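A.B. asks: Data file entry-v5.cif (mmCIF, C-alpha atoms and all ligand atoms) is appended below.
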```cif
data_input
loop_
_atom_site.label_atom_id
_atom_site.label_comp_id
_atom_site.auth_asym_id
_atom_site.auth_seq_id
_atom_site.Cartn_x
_atom_site.Cartn_y
_atom_site.Cartn_z
CA MET A 1 0.00 0.00 0.00
CA THR A 2 1.51 3.32 -0.99
CA LYS A 3 0.99 6.77 0.38
CA ALA A 4 -0.07 7.98 -3.04
CA ALA A 5 -3.04 5.60 -3.05
CA THR A 6 -4.60 7.17 0.05
CA GLN A 7 -3.44 10.81 -0.01
CA PRO A 8 -3.49 13.55 -2.58
CA ALA A 9 -0.16 14.08 -4.27
CA PRO A 10 1.90 16.74 -2.46
CA ALA A 11 2.63 19.98 -4.26
CA PRO A 12 5.86 19.67 -6.23
CA THR A 13 8.89 20.83 -4.24
CA PRO A 14 10.84 23.56 -6.01
CA ALA A 15 14.21 22.34 -7.24
CA PRO A 16 17.12 23.54 -5.08
CA ALA A 17 19.12 26.39 -6.55
CA HIS A 18 22.36 24.42 -6.41
CA ASP A 19 23.18 20.89 -7.50
CA ALA A 20 22.16 18.53 -4.72
CA PRO A 21 23.46 14.95 -4.63
CA ALA A 22 21.06 12.44 -6.09
CA HIS A 23 20.67 10.61 -2.78
CA ASN A 24 20.26 11.72 0.81
CA ALA A 25 23.65 11.10 2.38
CA PRO A 26 26.01 14.04 1.92
CA LEU A 27 29.19 13.14 0.07
CA ALA A 28 32.69 13.85 1.33
CA ILE A 29 34.22 12.73 -1.96
CA SER A 30 32.72 12.33 -5.40
CA ALA A 31 34.94 11.37 -8.34
CA ARG A 32 34.03 10.52 -11.92
CA GLY A 33 36.47 9.31 -14.53
CA LEU A 34 39.38 10.51 -12.41
CA ALA A 35 42.66 10.15 -14.29
CA LEU A 36 46.30 10.82 -13.42
CA THR A 37 49.07 10.71 -15.98
CA LEU A 38 52.65 11.45 -14.91
CA GLY A 39 56.02 11.18 -16.57
CA SER A 40 57.25 13.13 -19.58
CA SER A 41 55.11 13.98 -22.60
CA SER A 42 57.20 11.58 -24.70
CA ALA A 43 56.83 8.82 -22.11
CA PRO A 44 53.55 9.41 -20.25
CA VAL A 45 52.65 6.93 -17.50
CA GLU A 46 48.95 6.38 -16.91
CA ILE A 47 48.65 5.91 -13.17
CA LEU A 48 44.93 6.39 -12.48
CA LYS A 49 42.75 5.15 -15.31
CA GLY A 50 39.23 6.32 -14.61
CA ILE A 51 38.19 6.23 -10.96
CA ASP A 52 34.49 6.54 -10.13
CA LEU A 53 33.99 6.84 -6.37
CA ASP A 54 31.53 8.31 -3.89
CA ILE A 55 32.41 8.37 -0.20
CA GLU A 56 29.79 9.62 2.24
CA VAL A 57 30.51 12.05 5.04
CA GLY A 58 31.71 10.11 8.10
CA GLU A 59 32.50 6.86 6.28
CA VAL A 60 35.53 4.84 7.38
CA VAL A 61 37.04 3.29 4.27
CA ALA A 62 40.05 1.02 3.76
CA LEU A 63 41.98 1.05 0.48
CA LEU A 64 43.80 -2.18 -0.38
CA GLY A 65 45.76 -3.28 -3.42
CA PRO A 66 49.16 -4.53 -4.52
CA SER A 67 52.18 -2.27 -4.46
CA GLY A 68 52.19 -0.03 -7.53
CA SER A 69 48.43 -0.31 -8.08
CA GLY A 70 47.95 3.44 -7.56
CA LYS A 71 46.71 3.70 -3.96
CA SER A 72 49.05 6.52 -2.91
CA SER A 73 48.43 8.32 -6.19
CA LEU A 74 44.67 8.14 -5.67
CA MET A 75 45.04 9.45 -2.12
CA ALA A 76 47.29 12.26 -3.34
CA VAL A 77 44.63 13.36 -5.82
CA LEU A 78 41.68 12.97 -3.42
CA SER A 79 43.53 14.93 -0.73
CA GLY A 80 44.54 17.74 -3.09
CA LEU A 81 48.28 17.06 -2.95
CA GLU A 82 48.29 16.24 -6.64
CA ARG A 83 46.13 17.62 -9.46
CA ALA A 84 44.15 15.11 -11.50
CA SER A 85 44.91 15.01 -15.23
CA GLY A 86 41.28 14.37 -16.09
CA GLY A 87 37.80 13.67 -14.77
CA SER A 88 35.73 15.43 -12.14
CA LEU A 89 36.37 15.59 -8.41
CA THR A 90 34.43 17.20 -5.59
CA VAL A 91 35.93 17.02 -2.09
CA ALA A 92 34.23 18.53 0.97
CA GLY A 93 31.93 20.45 -1.36
CA GLN A 94 34.76 21.99 -3.39
CA ASP A 95 35.40 21.42 -7.08
CA PHE A 96 39.01 20.21 -6.93
CA ALA A 97 39.23 19.78 -10.71
CA SER A 98 39.00 23.55 -11.19
CA LEU A 99 41.66 24.47 -8.60
CA ASP A 100 45.35 25.11 -9.26
CA GLU A 101 48.08 24.16 -6.77
CA ASP A 102 47.56 27.25 -4.61
CA GLY A 103 43.82 26.73 -4.68
CA LEU A 104 44.23 23.12 -3.60
CA ALA A 105 46.56 24.16 -0.77
CA ALA A 106 43.95 26.63 0.46
CA ALA A 107 41.20 24.02 0.11
CA ARG A 108 43.18 21.51 2.19
CA ARG A 109 43.89 23.94 5.00
CA GLY A 110 41.92 23.05 8.12
CA ARG A 111 39.68 20.63 6.21
CA ILE A 112 41.97 17.78 5.26
CA GLY A 113 44.40 15.95 7.55
CA ILE A 114 47.04 13.67 6.07
CA VAL A 115 49.11 10.99 7.83
CA LEU A 116 51.88 9.31 5.83
CA GLN A 117 53.96 6.17 6.35
CA ALA A 118 57.22 8.11 6.80
CA PHE A 119 55.71 10.65 9.28
CA HIS A 120 57.10 13.71 7.41
CA LEU A 121 57.59 15.89 10.48
CA LEU A 122 59.65 19.03 9.98
CA PRO A 123 63.04 18.14 11.53
CA THR A 124 63.90 21.68 12.67
CA MET A 125 60.68 22.05 14.65
CA THR A 126 59.72 20.63 18.04
CA ALA A 127 56.67 18.40 18.38
CA THR A 128 54.62 21.40 19.53
CA GLU A 129 55.78 23.52 16.60
CA ASN A 130 54.99 20.71 14.14
CA VAL A 131 51.44 20.45 15.48
CA ALA A 132 50.93 24.22 15.81
CA THR A 133 52.00 25.12 12.27
CA PRO A 134 48.90 23.96 10.36
CA MET A 135 46.66 25.60 12.98
CA GLU A 136 48.60 28.86 12.60
CA LEU A 137 48.23 28.63 8.83
CA ALA A 138 44.49 28.10 9.34
CA GLY A 139 44.39 31.34 11.37
CA SER A 140 44.43 30.06 14.94
CA LYS A 141 45.62 32.63 17.49
CA ASP A 142 46.30 30.10 20.26
CA ALA A 143 47.98 27.44 18.14
CA SER A 144 50.83 26.77 20.56
CA PRO A 145 48.77 26.01 23.70
CA ARG A 146 46.33 24.06 21.58
CA ALA A 147 49.19 22.04 20.09
CA ARG A 148 50.29 21.11 23.62
CA GLU A 149 46.74 19.98 24.43
CA GLU A 150 46.62 17.92 21.25
CA LEU A 151 49.96 16.29 22.08
CA THR A 152 48.63 15.49 25.55
CA ALA A 153 45.58 13.90 23.91
CA VAL A 154 47.81 11.56 21.89
CA GLY A 155 49.84 10.60 24.98
CA LEU A 156 52.84 12.85 24.41
CA ALA A 157 52.55 15.43 27.21
CA HIS A 158 56.13 14.56 28.17
CA ARG A 159 57.52 15.05 24.65
CA THR A 160 56.17 18.45 23.60
CA ASP A 161 59.58 20.15 23.26
CA HIS A 162 61.39 17.22 21.64
CA TYR A 163 62.59 17.30 18.05
CA PRO A 164 61.59 14.47 15.68
CA THR A 165 65.04 12.81 15.85
CA GLN A 166 64.61 12.59 19.62
CA LEU A 167 61.38 10.62 19.25
CA SER A 168 60.71 6.95 18.47
CA GLY A 169 58.85 6.03 15.27
CA GLY A 170 55.63 5.47 17.18
CA GLU A 171 56.01 8.83 18.94
CA GLN A 172 56.68 10.58 15.63
CA GLN A 173 53.52 9.07 14.17
CA ARG A 174 51.56 10.26 17.23
CA VAL A 175 52.84 13.77 16.54
CA ALA A 176 51.83 13.40 12.89
CA ILE A 177 48.33 12.27 13.93
CA ALA A 178 48.02 15.20 16.34
CA ARG A 179 49.16 17.54 13.57
CA ALA A 180 46.68 16.07 11.08
CA THR A 181 43.70 16.11 13.42
CA ALA A 182 44.31 19.25 15.52
CA PRO A 183 42.60 21.60 13.03
CA ARG A 184 39.52 19.31 13.20
CA PRO A 185 39.51 18.33 9.54
CA THR A 186 36.37 16.84 8.03
CA LEU A 187 38.53 14.38 6.08
CA ILE A 188 41.47 12.32 7.32
CA PHE A 189 43.70 10.44 4.88
CA ALA A 190 46.24 7.90 6.13
CA ASP A 191 48.71 6.18 3.77
CA GLU A 192 50.06 2.99 5.39
CA PRO A 193 50.35 4.79 8.75
CA THR A 194 51.78 1.69 10.44
CA GLY A 195 54.12 0.70 7.60
CA ASN A 196 57.28 1.84 9.40
CA LEU A 197 56.28 0.57 12.84
CA ASP A 198 56.52 -2.76 14.67
CA ALA A 199 53.26 -4.68 15.10
CA SER A 200 52.37 -3.61 18.64
CA THR A 201 53.25 0.05 18.05
CA GLY A 202 51.28 -0.12 14.81
CA GLU A 203 48.26 -1.44 16.70
CA GLU A 204 48.47 1.50 19.14
CA ILE A 205 48.65 3.94 16.23
CA VAL A 206 45.59 2.38 14.57
CA GLU A 207 43.65 2.65 17.85
CA LEU A 208 44.68 6.29 18.15
CA LEU A 209 43.63 7.05 14.59
CA PHE A 210 40.23 5.41 15.08
CA THR A 211 39.74 7.23 18.39
CA ARG A 212 40.61 10.60 16.88
CA ARG A 213 38.28 9.88 13.96
CA ALA A 214 35.47 8.93 16.31
CA GLU A 215 35.95 12.07 18.39
CA THR A 216 35.47 14.27 15.34
CA GLY A 217 33.17 12.22 13.10
CA ALA A 218 35.58 12.88 10.23
CA THR A 219 35.56 10.80 7.08
CA LEU A 220 38.58 8.46 7.11
CA LEU A 221 40.32 6.82 4.16
CA ILE A 222 43.14 4.54 5.19
CA ILE A 223 45.57 2.73 2.87
CA THR A 224 46.75 -0.52 4.35
CA HIS A 225 48.12 -3.97 3.54
CA ASP A 226 46.62 -5.28 6.78
CA ALA A 227 43.47 -7.31 6.01
CA SER A 228 42.34 -7.34 9.65
CA LEU A 229 42.60 -3.55 9.84
CA ALA A 230 40.59 -3.30 6.60
CA GLU A 231 37.85 -5.47 8.11
CA ARG A 232 37.50 -3.00 10.99
CA CYS A 233 36.47 -0.34 8.48
CA GLU A 234 32.92 -0.08 7.13
CA ARG A 235 33.92 -0.38 3.55
CA VAL A 236 36.86 -1.88 1.67
CA LEU A 237 38.06 -0.65 -1.72
CA THR A 238 40.61 -2.65 -3.69
CA MET A 239 42.72 -1.21 -6.48
CA ALA A 240 44.65 -2.95 -9.23
CA ASP A 241 46.50 -1.33 -12.11
CA GLY A 242 45.05 2.15 -11.67
CA VAL A 243 41.39 1.26 -11.21
CA ILE A 244 39.09 0.21 -8.36
CA VAL A 245 38.36 -3.48 -8.88
CA SER A 246 36.29 -4.14 -5.77
CA ASP A 247 34.12 -2.03 -3.47
CA ARG A 248 32.38 -3.84 -0.63
CA ARG A 249 30.78 -3.15 2.73
CA THR A 250 31.97 -5.05 5.77
CA THR A 251 29.58 -6.03 8.55
CA ASN A 252 30.83 -3.14 10.68
CA ALA A 253 28.71 -0.12 11.35
CA ALA A 254 30.46 3.22 11.43
CA PRO A 255 32.40 3.44 14.67
CA ALA A 256 30.27 5.58 16.97
CA VAL A 257 30.98 9.29 17.12
CA GLU A 258 31.97 10.03 20.70
CA ALA A 259 30.50 13.09 22.33
CA ALA A 260 32.85 16.02 21.94
CA GLU A 261 34.31 17.54 25.10
N1 LIG A 301 56.05 10.75 -10.61
C1 LIG A 301 55.80 9.58 -11.21
N2 LIG A 301 56.13 9.39 -12.52
C2 LIG A 301 55.87 8.23 -13.12
N3 LIG A 301 55.31 7.17 -12.51
C3 LIG A 301 54.98 7.28 -11.22
C4 LIG A 301 55.20 8.49 -10.49
N4 LIG A 301 54.77 8.30 -9.22
C5 LIG A 301 54.29 7.03 -9.16
N5 LIG A 301 54.42 6.42 -10.35
C6 LIG A 301 53.99 5.04 -10.69
O1 LIG A 301 52.60 4.96 -10.47
C7 LIG A 301 52.22 3.66 -10.06
C8 LIG A 301 51.37 3.75 -8.82
O2 LIG A 301 52.16 4.21 -7.74
P1 LIG A 301 51.56 4.39 -6.28
O3 LIG A 301 50.35 5.25 -6.34
O4 LIG A 301 52.67 4.84 -5.40
O5 LIG A 301 51.11 2.90 -5.92
P2 LIG A 301 50.81 2.21 -4.52
O6 LIG A 301 50.64 3.28 -3.48
O7 LIG A 301 49.57 1.40 -4.74
O8 LIG A 301 51.98 1.33 -4.23
C9 LIG A 301 53.52 2.89 -9.89
O9 LIG A 301 53.69 2.10 -11.02
C10 LIG A 301 54.56 3.97 -9.79
O10 LIG A 301 55.79 3.51 -10.27
MG MG A 302 51.70 3.65 -1.73
#
```
Could you render the structure from this file as structure tokens?
C.D. replies:
Amino acid sequence: MTKAATQPAPAPTPAPAHDAPAHNAPLAISARGLALTLGSSSAPVEILKGIDLDIEVGEVVALLGPSGSGKSSLMAVLSGLERASGGSLTVAGQDFASLDEDGLAAARRGRIGIVLQAFHLLPTMTATENVATPMELAGSKDASPRAREELTAVGLAHRTDHYPTQLSGGEQQRVAIARATAPRPTLIFADEPTGNLDASTGEEIVELLFTRRAETGATLLIITHDASLAERCERVLTMADGVIVSDRRTTNAAPAVEAAE
């Protein structure tokens, strides 16, 4: 029995002035025919060969695939570190395909947090300075005290004035996670965040990343070779040779968003 059978049809709703997504869930990422070609013009290398992908706001997604399949390249494009060579891409409501490098840098600021396998902390800056810098760039006036709070939140209250070389790998990755999440980004990207860590330290880092994600409700895309980590996500994408070859839901619901404060 349908509503229409028993009630008069409702007056037509005026179309929204802007393009709304075709379904209800808001999208954090929407890509169509996304392509990336690098190398010289005489020897171009097709790295991404037409990626179609929608990721909803708040989804926790794992990205698997053999080495060289294009995972890091896809993440670089989705996070605005690299410009796509073709296709359309909307990230956090912004048309990334129309932005140049400066535009992408501005679009990333405060909205996108990135955690990489090799940590990439600035060696001449203390832990606090590393975490404070993106908040300063995003206009924060109290970046330094906030950075100390963020470092405390990732278990590094006793390491705030240490330089990266004075920290263990696990501690450096904690700093990198604090740096990525301190500006409260709506999107967090992590590229093999445990790849340089021993198993038990890696497990702690994964827990920290999931906790920070849950505290903010951010969308999380995590590249991993760890099948058990992938199964903890809601959705698992698999790449091969520059395309997504599998996209499946796990039995996990989205990890609950913890109450802020
Ligand atoms: N700057 C570049 N120029 C040419 N080829 C590249 C460049 N960067 C990456 N590639 C190639 O693109 C492919 C995908 O690389 P990558 O995205 O790092 O894969 P994954 O992260 O899945 O291991 C690889 O074959 C790699 O050699
Ligand atoms: Mg990679």
A.B. asks: What does the list of residues within 10 Å of ligand MG 302 (chain A) look like if you count only C-alpha atoms and all ligand atoms, written as a PyMOL selection string?
C.D. replies: chain A and resi 64-76+116-117+191-192+223-225
A.B. asks: Between CA of Thr128 (chain A) and CA of Arg109 (chain A), measure the distance and give it in Å to one decimal.
C.D. replies: 18.2 Å
A.B. asks: Residues at most 7 Å from Leu151 (chain A), counting all atoms listed in the file, excluding those fewer than 4 positions away in the same chain, as a PyMOL selection string?
C.D. replies: chain A and resi 147+155-157+160+175+178
A.B. asks: Between CA of Asn196 (chain A) and CA of Ala118 (chain A), what is the spacing in Å?
C.D. replies: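 Distance between the two atoms: 6.8 Å.
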A.B. asks: So that I can check the surroundings of region 49-51 of chain A, please list as a list in words every protein, DNA and RNA residue that reaches within 10 Å of it, counting only C-alpha atoms and ignoring chain neighbours fewer than 4 positions away.
C.D. replies: Ser30, Ala31, Arg32, Gly33, Leu34, Ala35, Leu36, Thr37, Gly70, Leu74, Gly86, Gly87, Ser88, Leu89, Met239, Asp241, Gly242, Val243, Ile244 and Val245 of chain A
A.B. asks: Between A:Ser200, A:Leu63, A:Thr152, A:Ile55, which has the minimum distance to Glu231 (chain A) (counting only C-alpha atoms)?
C.D. replies: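 Nearest candidate to Glu231 (chain A) out of A:Ser200, A:Leu63, A:Thr152, A:Ile55: A:Leu63.
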A.B. asks: Could you jot down the CA of Ser246 (chain A) to CA of Val61 (chain A) separation for me, Å, one decimal place?
C.D. replies: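 Between these atoms lies a distance of 12.5 Å.
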A.B. asks: Within 12 Å of (39.0, 9.5, 16.4), in the coordinates the file gives, what residues turn up when you count all atoms listed in the file, written out as a PyMOL selection string?
C.D. replies: chain A and resi 58+60+153-154+177-178+180-182+184-188+205-220+254-260
A.B. asks: Given the choices A:Ala43, A:Leu221, A:Ala28, A:Ala240, which gets closest to Ala190 (chain A) if the distance is worked out from only C-alpha atoms?
C.D. replies: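 Distance minimum relative to Ala190 (chain A) lands on A:Leu221.
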A.B. asks: For each of A:Pro134, A:Gly169, A:Thr238, A:Asp100, take the minimum atom-to-atom distance to ligand LIG 301 (chain A), counting all atoms listed in the file, then give the residue where this is smallest.
C.D. replies: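 Going through A:Pro134, A:Gly169, A:Thr238, A:Asp100 one by one, the smallest distance to ligand LIG 301 (chain A) is for A:Thr238.
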A.B. asks: So which one's closest to Glu203 (chain A), A:Asp247, A:Arg159, A:Asp226, A:Leu104? Using only C-alpha atoms, please.
C.D. replies: A:Asp226
A.B. asks: Which one of A:Gly139, A:Gly195, A:Pro145, A:Gly202 sits closest to ligand LIG 301 (chain A) if you count only C-alpha atoms and all ligand atoms?
C.D. replies: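 Closest candidate: A:Gly195.
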A.B. asks: I'd like to know which of A:Thr90, A:Asp142, A:Ile222, A:Tyr163 is closest to ligand LIG 301 (chain A), using only C-alpha atoms and all ligand atoms.
C.D. replies: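 Closest candidate: A:Ile222.
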A.B. asks: For Ser144 (chain A), list every protein, DNA or RNA residue within 9 Å, evaluated using all atoms listed in the file, and leave out those in the same chain fewer than 6 positions away; present the list as a compact mmCIF listing (two decimals) with C-alpha atoms, in the frame of the given file.
C.D. replies:
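Dumped to result-v5.txt:
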```
# COMPACT_ATOMS: atom_id res chain seq x y z
CA THR A 128 54.62 21.40 19.53
CA GLU A 129 55.78 23.52 16.60
CA VAL A 131 51.44 20.45 15.48
CA ALA A 132 50.93 24.22 15.81
CA THR A 133 52.00 25.12 12.27
CA MET A 135 46.66 25.60 12.98
CA GLU A 136 48.60 28.86 12.60
```
